[in-house]
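With compact mmCIF, C-alpha atoms and all ligand atoms inside, this is data-v6.txt:
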```txt
# COMPACT_ATOMS: atom_id res chain seq x y z
CA MET A 1 -2.77 30.91 -28.95
CA VAL A 2 -1.98 34.31 -27.45
CA VAL A 3 -5.52 34.59 -26.10
CA ALA A 4 -5.26 31.21 -24.43
CA PHE A 5 -1.97 32.16 -22.86
CA MET A 6 -3.37 35.44 -21.54
CA LEU A 7 -6.33 33.59 -20.08
CA MET A 8 -4.02 31.18 -18.31
CA VAL A 9 -2.01 34.01 -16.79
CA THR A 10 -5.19 35.70 -15.59
CA LEU A 11 -6.42 32.48 -14.01
CA CYS A 12 -3.19 31.96 -12.17
CA MET A 13 -3.12 35.51 -10.89
CA THR A 14 -6.71 35.50 -9.66
CA SER A 15 -6.36 32.11 -8.05
CA SER A 16 -6.43 32.25 -4.26
CA VAL A 17 -4.02 29.36 -4.19
CA TYR A 18 -0.78 30.03 -2.37
CA ALA A 19 2.66 29.34 -3.76
CA GLU A 20 1.52 27.68 -6.96
CA ASP A 21 5.07 27.38 -8.23
CA VAL A 22 6.95 26.93 -4.97
CA LYS A 23 9.21 23.94 -5.05
CA PRO A 24 8.76 21.99 -1.82
CA LEU A 25 11.87 20.96 0.11
CA LYS A 26 12.50 17.45 1.37
CA ALA A 27 13.27 16.23 4.88
CA ALA A 28 12.59 13.40 7.27
CA ILE A 29 10.01 13.93 9.99
CA TYR A 30 10.16 11.42 12.84
CA VAL A 31 6.80 9.78 13.38
CA ASP A 32 6.90 7.73 16.60
CA GLN A 33 10.70 7.74 16.17
CA LYS A 34 10.54 6.39 12.61
CA PRO A 35 11.96 8.77 9.95
CA ILE A 36 9.43 9.49 7.21
CA LYS A 37 10.73 11.31 4.16
CA THR A 38 8.36 14.05 3.10
CA ASP A 39 7.99 17.22 1.06
CA TYR A 40 7.48 20.35 3.12
CA ILE A 41 7.32 24.10 2.80
CA LEU A 42 7.94 26.85 5.31
CA LYS A 43 5.42 29.67 5.30
CA GLU A 44 5.89 32.55 7.72
CA GLY A 45 7.97 30.29 9.93
CA HIS A 46 5.43 27.47 10.03
CA LEU A 47 5.99 23.96 8.75
CA TYR A 48 3.50 22.69 6.16
CA VAL A 49 3.39 19.09 4.89
CA PRO A 50 1.30 17.37 2.19
CA ALA A 51 -2.10 16.32 3.56
CA LEU A 52 -1.27 12.69 2.72
CA PHE A 53 1.69 12.83 5.12
CA PHE A 54 -0.84 12.41 7.93
CA LYS A 55 -1.60 8.86 6.73
CA GLN A 56 1.83 8.06 8.20
CA THR A 57 0.49 9.03 11.62
CA GLY A 58 -2.42 6.57 11.41
CA ALA A 59 -5.16 9.04 10.42
CA TYR A 60 -7.44 8.43 7.45
CA VAL A 61 -7.02 11.30 4.98
CA ASP A 62 -9.52 12.21 2.26
CA TRP A 63 -10.22 15.00 -0.19
CA ASN A 64 -13.70 16.48 -0.35
CA GLU A 65 -14.03 17.90 -3.87
CA LYS A 66 -17.27 19.76 -3.21
CA TYR A 67 -15.94 21.73 -0.24
CA GLN A 68 -12.31 21.71 -1.47
CA SER A 69 -11.30 20.46 1.92
CA VAL A 70 -9.08 17.81 3.49
CA VAL A 71 -10.89 15.47 5.86
CA PHE A 72 -9.03 13.63 8.64
CA GLN A 73 -10.41 10.75 10.67
CA LEU A 74 -8.78 9.19 13.69
CA GLN A 75 -10.57 7.02 16.19
CA ASN A 76 -13.80 8.91 16.90
CA LYS A 77 -12.68 12.25 15.59
CA MET A 78 -13.45 13.70 12.16
CA VAL A 79 -12.12 17.13 11.24
CA ALA A 80 -12.05 18.99 7.90
CA PHE A 81 -9.79 21.83 6.75
CA PRO A 82 -11.08 23.73 3.68
CA VAL A 83 -8.20 25.03 1.56
CA GLY A 84 -7.63 28.75 2.00
CA LYS A 85 -10.37 29.20 4.62
CA ASN A 86 -9.70 30.55 8.10
CA TYR A 87 -11.84 27.94 9.85
CA TYR A 88 -11.95 24.19 10.32
CA ASP A 89 -14.99 21.97 10.70
CA LEU A 90 -15.48 19.43 13.45
CA PHE A 91 -17.95 16.58 13.06
CA ASN A 92 -20.21 15.71 15.96
CA LYS A 93 -21.24 12.05 15.70
CA GLU A 94 -24.10 12.34 18.18
CA THR A 95 -25.86 15.18 16.42
CA ASN A 96 -24.56 14.22 12.96
CA THR A 97 -23.58 17.83 12.30
CA TRP A 98 -20.49 19.87 11.50
CA THR A 99 -19.49 22.94 13.45
CA SER A 100 -16.98 25.56 12.30
CA HIS A 101 -14.16 26.88 14.45
CA PRO A 102 -11.70 29.71 13.77
CA LEU A 103 -8.30 28.77 12.40
CA LYS A 104 -5.08 30.80 12.26
CA LEU A 105 -3.06 28.77 9.77
CA THR A 106 -5.08 27.53 6.83
CA ALA A 107 -4.55 24.66 4.43
CA VAL A 108 -2.84 25.82 1.22
CA LYS A 109 -2.36 24.35 -2.22
CA VAL A 110 1.16 23.86 -3.51
CA ASN A 111 1.49 22.60 -7.07
CA LYS A 112 -2.20 21.57 -6.91
CA LYS A 113 -1.69 19.46 -3.79
CA PRO A 114 -3.11 20.45 -0.41
CA PHE A 115 -0.48 21.17 2.26
CA MET A 116 -1.37 21.34 5.93
CA PRO A 117 0.13 23.24 8.86
CA LEU A 118 1.74 20.30 10.70
CA VAL A 119 1.32 21.46 14.29
CA THR A 120 -2.27 22.67 13.85
CA VAL A 121 -3.55 19.42 12.35
CA ALA A 122 -1.51 17.20 14.67
CA LYS A 123 -3.03 18.96 17.69
CA GLN A 124 -6.54 18.40 16.37
CA LEU A 125 -5.75 14.69 16.02
CA GLY A 126 -4.43 14.42 19.57
CA MET A 127 -0.76 14.23 18.58
CA ASP A 128 2.28 16.03 19.95
CA VAL A 129 4.87 17.76 17.76
CA THR A 130 8.28 18.72 19.10
CA TYR A 131 11.29 20.27 17.43
CA ASP A 132 14.79 19.42 18.60
CA ALA A 133 16.97 22.44 17.80
CA ALA A 134 20.20 20.52 18.43
CA THR A 135 19.52 17.83 15.81
CA LYS A 136 17.15 20.06 13.77
CA ARG A 137 14.63 17.24 13.80
CA THR A 138 10.86 17.39 14.02
CA TYR A 139 9.16 14.65 16.02
CA VAL A 140 5.52 13.61 15.95
CA ALA A 141 4.21 11.46 18.79
CA THR A 142 1.01 10.03 17.33
CA ASN A 143 -0.43 8.71 20.60
CA ASN A 144 -2.25 5.96 18.70
CA TYR A 145 -1.32 2.35 18.04
CA VAL A 146 -2.05 0.16 15.02
CA GLU A 147 -1.40 -3.58 15.06
CA PRO A 148 1.02 -4.24 12.14
CA ASN A 149 -0.59 -7.61 11.27
CA LEU A 150 2.24 -8.11 8.79
CA PHE A 151 3.96 -11.37 7.89
CA MET A 152 7.28 -11.67 6.09
CA HIS A 153 7.54 -15.39 6.81
CA GLY A 154 5.96 -18.13 8.89
CA ASP A 155 7.26 -20.15 11.83
CA ARG A 156 11.02 -20.46 11.46
CA THR A 157 11.15 -23.85 13.19
CA GLN A 158 9.04 -25.72 10.62
CA LYS A 159 10.33 -26.58 7.16
CA LEU A 160 7.35 -25.14 5.35
CA VAL A 161 7.61 -22.77 2.38
CA ALA A 162 5.04 -20.78 0.38
CA LEU A 163 5.31 -19.94 -3.31
CA THR A 164 3.58 -16.66 -4.15
CA PHE A 165 2.88 -15.00 -7.50
CA ASP A 166 1.94 -11.32 -7.90
CA ASP A 167 0.12 -9.14 -10.46
CA GLY A 168 -1.75 -11.84 -12.42
CA PRO A 169 -3.59 -13.48 -13.83
CA ASP A 170 -2.38 -13.25 -17.43
CA PRO A 171 -3.04 -15.42 -20.49
CA TYR A 172 0.45 -16.97 -20.87
CA TYR A 173 2.50 -17.22 -17.67
CA THR A 174 -0.41 -18.13 -15.40
CA PRO A 175 -1.47 -21.29 -17.29
CA THR A 176 2.20 -22.32 -17.62
CA ILE A 177 2.76 -21.85 -13.87
CA LEU A 178 -0.45 -23.76 -13.11
CA ASP A 179 0.70 -26.63 -15.36
CA ILE A 180 4.05 -26.82 -13.52
CA LEU A 181 2.39 -26.69 -10.10
CA LYS A 182 -0.05 -29.41 -11.15
CA ASP A 183 2.76 -31.57 -12.47
CA LYS A 184 4.73 -31.13 -9.22
CA ASN A 185 1.64 -31.35 -7.03
CA ALA A 186 2.66 -28.14 -5.22
CA PRO A 187 0.20 -25.53 -3.93
CA ALA A 188 0.88 -21.79 -4.33
CA THR A 189 -0.75 -18.47 -3.48
CA PHE A 190 -1.69 -15.89 -6.13
CA PHE A 191 -1.97 -12.19 -5.21
CA MET A 192 -4.04 -10.79 -8.03
CA MET A 193 -5.06 -7.44 -9.42
CA GLY A 194 -8.80 -6.84 -9.74
CA LYS A 195 -8.58 -5.63 -13.32
CA ASN A 196 -6.76 -8.82 -14.37
CA ILE A 197 -9.23 -11.02 -12.50
CA ALA A 198 -12.00 -9.33 -14.51
CA LYS A 199 -10.05 -9.93 -17.73
CA TYR A 200 -9.06 -13.55 -17.16
CA PRO A 201 -11.64 -15.07 -14.77
CA GLU A 202 -11.09 -18.61 -16.09
CA GLN A 203 -7.52 -18.60 -14.79
CA VAL A 204 -8.74 -17.69 -11.31
CA LYS A 205 -11.35 -20.45 -11.38
CA ARG A 206 -8.65 -22.92 -12.35
CA MET A 207 -6.39 -21.80 -9.46
CA VAL A 208 -9.11 -22.39 -6.90
CA LYS A 209 -10.15 -25.70 -8.50
CA GLU A 210 -6.56 -26.94 -8.34
CA GLY A 211 -6.16 -26.11 -4.65
CA HIS A 212 -4.23 -22.84 -4.78
CA ALA A 213 -4.88 -19.90 -2.50
CA ILE A 214 -5.87 -16.43 -3.64
CA GLY A 215 -5.04 -13.00 -2.28
CA ASN A 216 -5.83 -9.35 -2.98
CA HIS A 217 -3.21 -7.20 -4.75
CA SER A 218 -5.43 -4.10 -5.36
CA TYR A 219 -7.36 -3.34 -8.56
CA ASN A 220 -4.95 -1.12 -10.51
CA HIS A 221 -1.70 -1.50 -8.55
CA PRO A 222 -1.28 2.05 -7.19
CA ASP A 223 1.14 2.93 -4.39
CA PHE A 224 -1.28 3.05 -1.41
CA THR A 225 0.89 5.59 0.43
CA LYS A 226 0.14 8.16 -2.31
CA GLN A 227 -3.64 7.67 -2.39
CA TRP A 228 -6.52 9.16 -0.40
CA THR A 229 -8.00 6.64 2.02
CA ALA A 230 -11.27 6.39 0.05
CA LYS A 231 -9.28 5.41 -3.05
CA VAL A 232 -7.43 2.69 -1.14
CA VAL A 233 -10.76 1.36 0.13
CA ASP A 234 -12.05 1.28 -3.43
CA GLU A 235 -8.92 -0.50 -4.75
CA ILE A 236 -9.28 -3.22 -2.11
CA GLN A 237 -13.03 -3.64 -2.09
CA SER A 238 -13.45 -3.72 -5.88
CA THR A 239 -10.87 -6.53 -6.03
CA GLN A 240 -12.63 -8.42 -3.22
CA HIS A 241 -15.87 -7.97 -5.13
CA GLU A 242 -14.30 -9.27 -8.35
CA LEU A 243 -13.04 -12.41 -6.57
CA LEU A 244 -16.41 -12.97 -4.94
CA LYS A 245 -18.03 -12.73 -8.36
CA VAL A 246 -15.59 -15.13 -10.04
CA VAL A 247 -14.92 -17.79 -7.39
CA GLY A 248 -17.57 -17.11 -4.75
CA LYS A 249 -15.17 -16.20 -1.97
CA LYS A 250 -13.10 -13.33 -0.66
CA PRO A 251 -9.56 -13.74 0.64
CA ASP A 252 -8.39 -12.59 4.08
CA ILE A 253 -4.89 -11.83 2.81
CA ILE A 254 -3.51 -8.91 0.83
CA ARG A 255 -0.14 -7.95 -0.54
CA PRO A 256 -0.06 -4.17 -1.02
CA PRO A 257 1.51 -3.06 -4.33
CA TYR A 258 5.26 -2.41 -3.90
CA GLY A 259 4.88 -3.57 -0.29
CA ALA A 260 4.11 0.09 0.44
CA LEU A 261 1.85 0.99 3.35
CA THR A 262 1.29 3.85 5.77
CA LYS A 263 0.06 3.37 9.32
CA ALA A 264 -3.40 4.51 8.14
CA ASP A 265 -3.41 1.87 5.38
CA THR A 266 -2.53 -0.80 7.94
CA ARG A 267 -5.36 0.42 10.17
CA LEU A 268 -7.71 0.15 7.21
CA LEU A 269 -6.60 -3.39 6.32
CA ASN A 270 -7.12 -4.45 9.94
CA GLN A 271 -10.59 -2.93 9.84
CA LEU A 272 -11.35 -4.85 6.62
CA GLY A 273 -10.07 -8.11 8.16
CA LEU A 274 -7.07 -8.49 5.82
CA ARG A 275 -3.63 -9.72 6.84
CA ASN A 276 -0.57 -8.17 5.16
CA ILE A 277 1.63 -10.67 3.44
CA PHE A 278 5.15 -9.65 2.46
CA TRP A 279 7.96 -12.04 1.54
CA SER A 280 11.36 -13.33 2.72
CA VAL A 281 12.76 -14.46 -0.63
CA ASP A 282 12.72 -11.78 -3.33
CA THR A 283 13.57 -13.46 -6.65
CA LEU A 284 13.57 -10.09 -8.51
CA ASP A 285 12.19 -12.12 -11.42
CA TRP A 286 10.40 -9.04 -12.84
CA LYS A 287 13.82 -7.63 -13.71
CA GLY A 288 14.25 -10.41 -16.25
CA LYS A 289 16.63 -12.51 -14.14
CA THR A 290 17.76 -15.83 -15.54
CA SER A 291 16.74 -19.13 -14.00
CA ASP A 292 20.27 -19.58 -12.60
CA GLU A 293 20.27 -16.13 -11.02
CA ILE A 294 16.88 -16.84 -9.43
CA MET A 295 18.06 -20.19 -8.05
CA GLU A 296 21.06 -18.47 -6.50
CA ILE A 297 18.80 -15.93 -4.76
CA VAL A 298 16.51 -18.69 -3.49
CA ARG A 299 19.44 -20.71 -2.10
CA ARG A 300 20.83 -17.64 -0.37
CA GLN A 301 17.59 -16.32 1.14
CA ILE A 302 15.57 -19.45 2.00
CA PHE A 303 14.87 -20.50 5.59
CA PRO A 304 12.05 -22.48 7.22
CA GLY A 305 8.73 -20.62 7.00
CA GLY A 306 9.94 -18.73 3.92
CA ILE A 307 7.66 -16.85 1.53
CA ILE A 308 9.01 -16.74 -2.04
CA LEU A 309 7.97 -13.85 -4.29
CA GLN A 310 7.56 -14.38 -8.05
CA HIS A 311 5.31 -12.76 -10.66
CA ASN A 312 2.82 -13.69 -13.37
CA PHE A 313 2.02 -10.40 -15.09
CA GLU A 314 1.64 -10.15 -18.85
CA ALA A 315 5.37 -9.80 -19.58
CA LYS A 316 5.34 -9.20 -23.31
CA LYS A 317 9.11 -9.03 -23.61
CA GLY A 318 9.51 -12.39 -21.88
CA GLU A 319 10.91 -10.92 -18.65
CA LEU A 320 9.44 -13.78 -16.66
CA ASN A 321 10.86 -16.64 -18.74
CA GLY A 322 13.67 -17.17 -16.23
CA SER A 323 11.14 -17.28 -13.41
CA ILE A 324 9.08 -19.99 -15.14
CA GLU A 325 12.19 -21.99 -15.89
CA ALA A 326 13.31 -21.76 -12.26
CA LEU A 327 9.96 -22.83 -10.77
CA PRO A 328 10.28 -26.64 -11.15
CA LYS A 329 13.90 -26.41 -9.97
CA ILE A 330 12.90 -24.44 -6.85
CA ILE A 331 10.28 -27.08 -6.04
CA ASP A 332 12.61 -30.05 -6.58
CA GLU A 333 15.60 -28.56 -4.79
CA LEU A 334 13.70 -27.36 -1.70
CA ARG A 335 11.88 -30.69 -1.44
CA GLU A 336 15.25 -32.42 -1.48
CA GLN A 337 16.17 -30.25 1.50
CA GLY A 338 13.06 -31.43 3.33
CA TYR A 339 10.72 -28.52 2.64
CA THR A 340 6.96 -28.91 2.21
CA PHE A 341 5.09 -26.45 -0.03
CA VAL A 342 1.96 -24.92 1.46
CA THR A 343 -0.41 -22.00 0.86
CA ILE A 344 0.02 -18.78 2.82
CA GLN A 345 -3.01 -19.60 4.96
CA THR A 346 -1.54 -22.99 5.93
CA LEU A 347 1.83 -21.40 6.59
CA LEU A 348 0.31 -18.81 8.95
CA ASP A 349 -2.10 -21.25 10.61
CA SER A 350 0.82 -23.51 11.46
CA GLN A 351 2.51 -20.72 13.47
CA LYS A 352 2.84 -21.61 17.09
CA ARG A 353 0.93 -19.22 19.33
CA ARG A 354 3.12 -17.55 21.85
NI NI B 1 2.70 -6.08 -7.73
```

Is it possible to express this structure as structure tokens?
Ligand code: NI
Amino acid sequence: MVVAFMLMVTLCMTSSVYAEDVKPLKAAIYVDQKPIKTDYILKEGHLYVPALFFKQTGAYVDWNEKYQSVVFQLQNKMVAFPVGKNYYDLFNKETNTWTSHPLKLTAVKVNKKPFMPLVTVAKQLGMDVTYDAATKRTYVATNNYVEPNLFMHGDRTQKLVALTFDDGPDPYYTPTILDILKDKNAPATFFMMGKNIAKYPEQVKRMVKEGHAIGNHSYNHPDFTKQWTAKVVDEIQSTQHELLKVVGKKPDIIRPPYGALTKADTRLLNQLGLRNIFWSVDTLDWKGKTSDEIMEIVRRQIFPGGIILQHNFEAKKGELNGSIEALPKIIDELREQGYTFVTIQTLLDSQKRR
């Protein structure tokens, strides 16, 4: 016990890692005028932010374990900052080689996470950082644009509505939902997790057979904003692969877990040909709301082109019972008001081009 403790102390002391037990502070940094809350530290008067912060600026950010370095990619530029080293590496695409350049402020590790000197990295990525002393705000002008490609609803002049279910499939709620939809002859869209598709492939086959649409909801449901770009790619592609295996097709729609995305994640989804689907009616069914409470939310938030969010995860404590009970009522009541139920693809395809 004592020996182990001594060893630990020695390891910590010999580690080249800076500020192992520094507690980062929190502030908003304005990225293209949008406040982004982030951890930061000040070291010798310089502002350092977590490497992943740069995903908010549109850059892909990855960790290279072998070289213990953070790799940034934006447009045609690829640049790597090894932790604790006084150089950075630039990739030359034509010669397929890396070249090292001297660096004043190096990447550091804080509580095991790499932190980057904000101004140094931003400059390398073609961005401008300014500090406004009057408001004490730091601004980053990213000088790059990413098409949001995000839909919270469809055309507001047509009385169409889309039912959507997240996190499934599961062995209880999914078949019950499918029975109700079949009975009511209403199509829906299911945003599914890869690991659940692998577990319950028959449910997915049934969805497709009965005319419902499918969408990607990642493999394990992580918050994309907190993951390296390569991990996000893996979460998306492994789910696409699972769907291809089970039903022979890949969707062109995704709903990111928690609706959380950075600018870099959006760039990635665009590159992968996936549209972001959010929602306009949040039933909050996962909180265990009753059928009456859910109906009230639907009545309050519905408008033409609406996208209704419900869930079909394996809710062992029955949290989704109210949601299931509300489903036939939602369908009947909205039809009475003149709404037609459609899949997300139909809802988006029906949008008038401007
Ligand atoms: Ni989810």

Please determine, counting all atoms listed in the file, which residue among A:Lys231, A:Gly84, A:Gln237, A:Lys195 has the shortest atom-to-atom distance to Tyr219 in chain A.
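Going through A:Lys231, A:Gly84, A:Gln237, A:Lys195 one by one, the smallest distance to Tyr219 in chain A is for A:Lys195.
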
Could you list, with a cut-off of 6 Å and counting all atoms listed in the file, the residues of chain A near ligand NI 1 (chain B), each shown with its nearest atom pair and the distance in Å rounded to one decimal, rows sorted by chain and ascending number, as CSV?
```
residue,atom,partner,partner_atom,distance
A:Asp166,CA,B:NI1,NI,5.3
A:Asp167,CA,B:NI1,NI,4.8
A:Pro257,CA,B:NI1,NI,4.7
A:Tyr258,CA,B:NI1,NI,5.9
```

Within 7 Å of Pro169 in chain A, counting all atoms listed in the file, which residues show up once you throw out same-chain ones fewer than 6 positions away? Write them as a list in words, please.
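Within the cut-off, the hits are Met192, Asn196, Ile197, Tyr200, Gln203, Asn312 and Phe313 of chain A.
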
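Considering only C-alpha atoms, the residue among A:Gln345, A:Val146, A:Leu334, A:Trp228 positioned nearest to Gln271 in chain A is A:Val146.
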
Interatomic distance between CA of Pro24 in chain A and CA of Tyr40 in chain A?
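Computed distance, CA of Pro24 in chain A to CA of Tyr40 in chain A, equals 5.4 Å.
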
Nearest to Pro304 in chain A by atom-to-atom distance, counting all atoms listed in the file, from A:Asp155, A:Asp183, A:Glu65, A:Asp39
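Checking each candidate against Pro304 in chain A, we get A:Asp155 as the closest.
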
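Here CA of Thr290 in chain A and CA of Glu314 in chain A stand 17.4 Å from one another.
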
Between CA of Thr57 in chain A and CA of Gln227 in chain A, what distance in Å does the model show, to one decimal?
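Computed distance, CA of Thr57 in chain A to CA of Gln227 in chain A, equals 14.7 Å.
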
When you look at Asn76 in chain A with a cut-off of 10 Å (counting all atoms listed in the file), what residues show up, excluding the ones that are within fewer than 2 positions of it in the same chain? I need them as a PyMOL selection string.
chain A and resi 73-74+78+91-93+125

Around (3.3, -23.7, -9.5) in the file's frame, which residues reach within 9 Å when counting all atoms listed in the file? Return as a list in words?
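The distance filter leaves exactly Leu163, Thr164, Phe165, Thr174, Thr176, Ile177, Leu178, Asp179, Ile180, Leu181, Lys182, Asp183, Lys184, Asn185, Ala186, Pro187, Ala188, Thr189, His212, Ile324, Leu327, Pro328 and Ile331 of chain A.
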
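Using all atoms listed in the file for every distance, the candidate list A:Ala315, A:Gly305, A:Ala326, A:Gln351 yields A:Ala326 as the residue closest to Asp292 in chain A.
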
When you look at Ile307 in chain A with a cut-off of 10 Å (counting all atoms listed in the file), what residues show up, excluding the ones that are within fewer than 4 positions of it in the same chain? I need them as an MDAnalysis selection string.
chainID A and resid 151:154 160:164 189 277:282 301:303 342:344 347

Nearest to Leu52 in chain A among A:Ile236, A:Leu25, A:Met116, A:Ile294, with distances taken over all atoms listed in the file: which residue is it?
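Using all atoms listed in the file, Leu52 in chain A sits closest to A:Met116.
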
Nearest to Pro117 in chain A, chosen from A:Leu269, A:Val83, A:Leu47, A:Ile214, with only C-alpha atoms counted in the distances
A:Leu47

For Val108 in chain A, please output as a PyMOL selection string all residues within 12 Å (counting all atoms listed in the file; exclusion window: fewer than 4 positions along the same chain).
chain A and resi 15-20+22+40-43+47-51+68-70+81-86+112-118

Go ahead and save the residues from that selection, with C-alpha atoms, as a JSON list (two decimals), in the frame of the given file.
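Saved result, part.json, follows:
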```
[["chain", "number", "residue", "atom", "x", "y", "z"],
["A", 15, "SER", "CA", -6.36, 32.11, -8.05],
["A", 16, "SER", "CA", -6.43, 32.25, -4.26],
["A", 17, "VAL", "CA", -4.02, 29.36, -4.19],
["A", 18, "TYR", "CA", -0.78, 30.03, -2.37],
["A", 19, "ALA", "CA", 2.66, 29.34, -3.76],
["A", 20, "GLU", "CA", 1.52, 27.68, -6.96],
["A", 22, "VAL", "CA", 6.95, 26.93, -4.97],
["A", 40, "TYR", "CA", 7.48, 20.35, 3.12],
["A", 41, "ILE", "CA", 7.32, 24.10, 2.80],
["A", 42, "LEU", "CA", 7.94, 26.85, 5.31],
["A", 43, "LYS", "CA", 5.42, 29.67, 5.30],
["A", 47, "LEU", "CA", 5.99, 23.96, 8.75],
["A", 48, "TYR", "CA", 3.50, 22.69, 6.16],
["A", 49, "VAL", "CA", 3.39, 19.09, 4.89],
["A", 50, "PRO", "CA", 1.30, 17.37, 2.19],
["A", 51, "ALA", "CA", -2.10, 16.32, 3.56],
["A", 68, "GLN", "CA", -12.31, 21.71, -1.47],
["A", 69, "SER", "CA", -11.30, 20.46, 1.92],
["A", 70, "VAL", "CA", -9.08, 17.81, 3.49],
["A", 81, "PHE", "CA", -9.79, 21.83, 6.75],
["A", 82, "PRO", "CA", -11.08, 23.73, 3.68],
["A", 83, "VAL", "CA", -8.20, 25.03, 1.56],
["A", 84, "GLY", "CA", -7.63, 28.75, 2.00],
["A", 85, "LYS", "CA", -10.37, 29.20, 4.62],
["A", 86, "ASN", "CA", -9.70, 30.55, 8.10],
["A", 112, "LYS", "CA", -2.20, 21.57, -6.91],
["A", 113, "LYS", "CA", -1.69, 19.46, -3.79],
["A", 114, "PRO", "CA", -3.11, 20.45, -0.41],
["A", 115, "PHE", "CA", -0.48, 21.17, 2.26],
["A", 116, "MET", "CA", -1.37, 21.34, 5.93],
["A", 117, "PRO", "CA", 0.13, 23.24, 8.86],
["A", 118, "LEU", "CA", 1.74, 20.30, 10.70]]
```
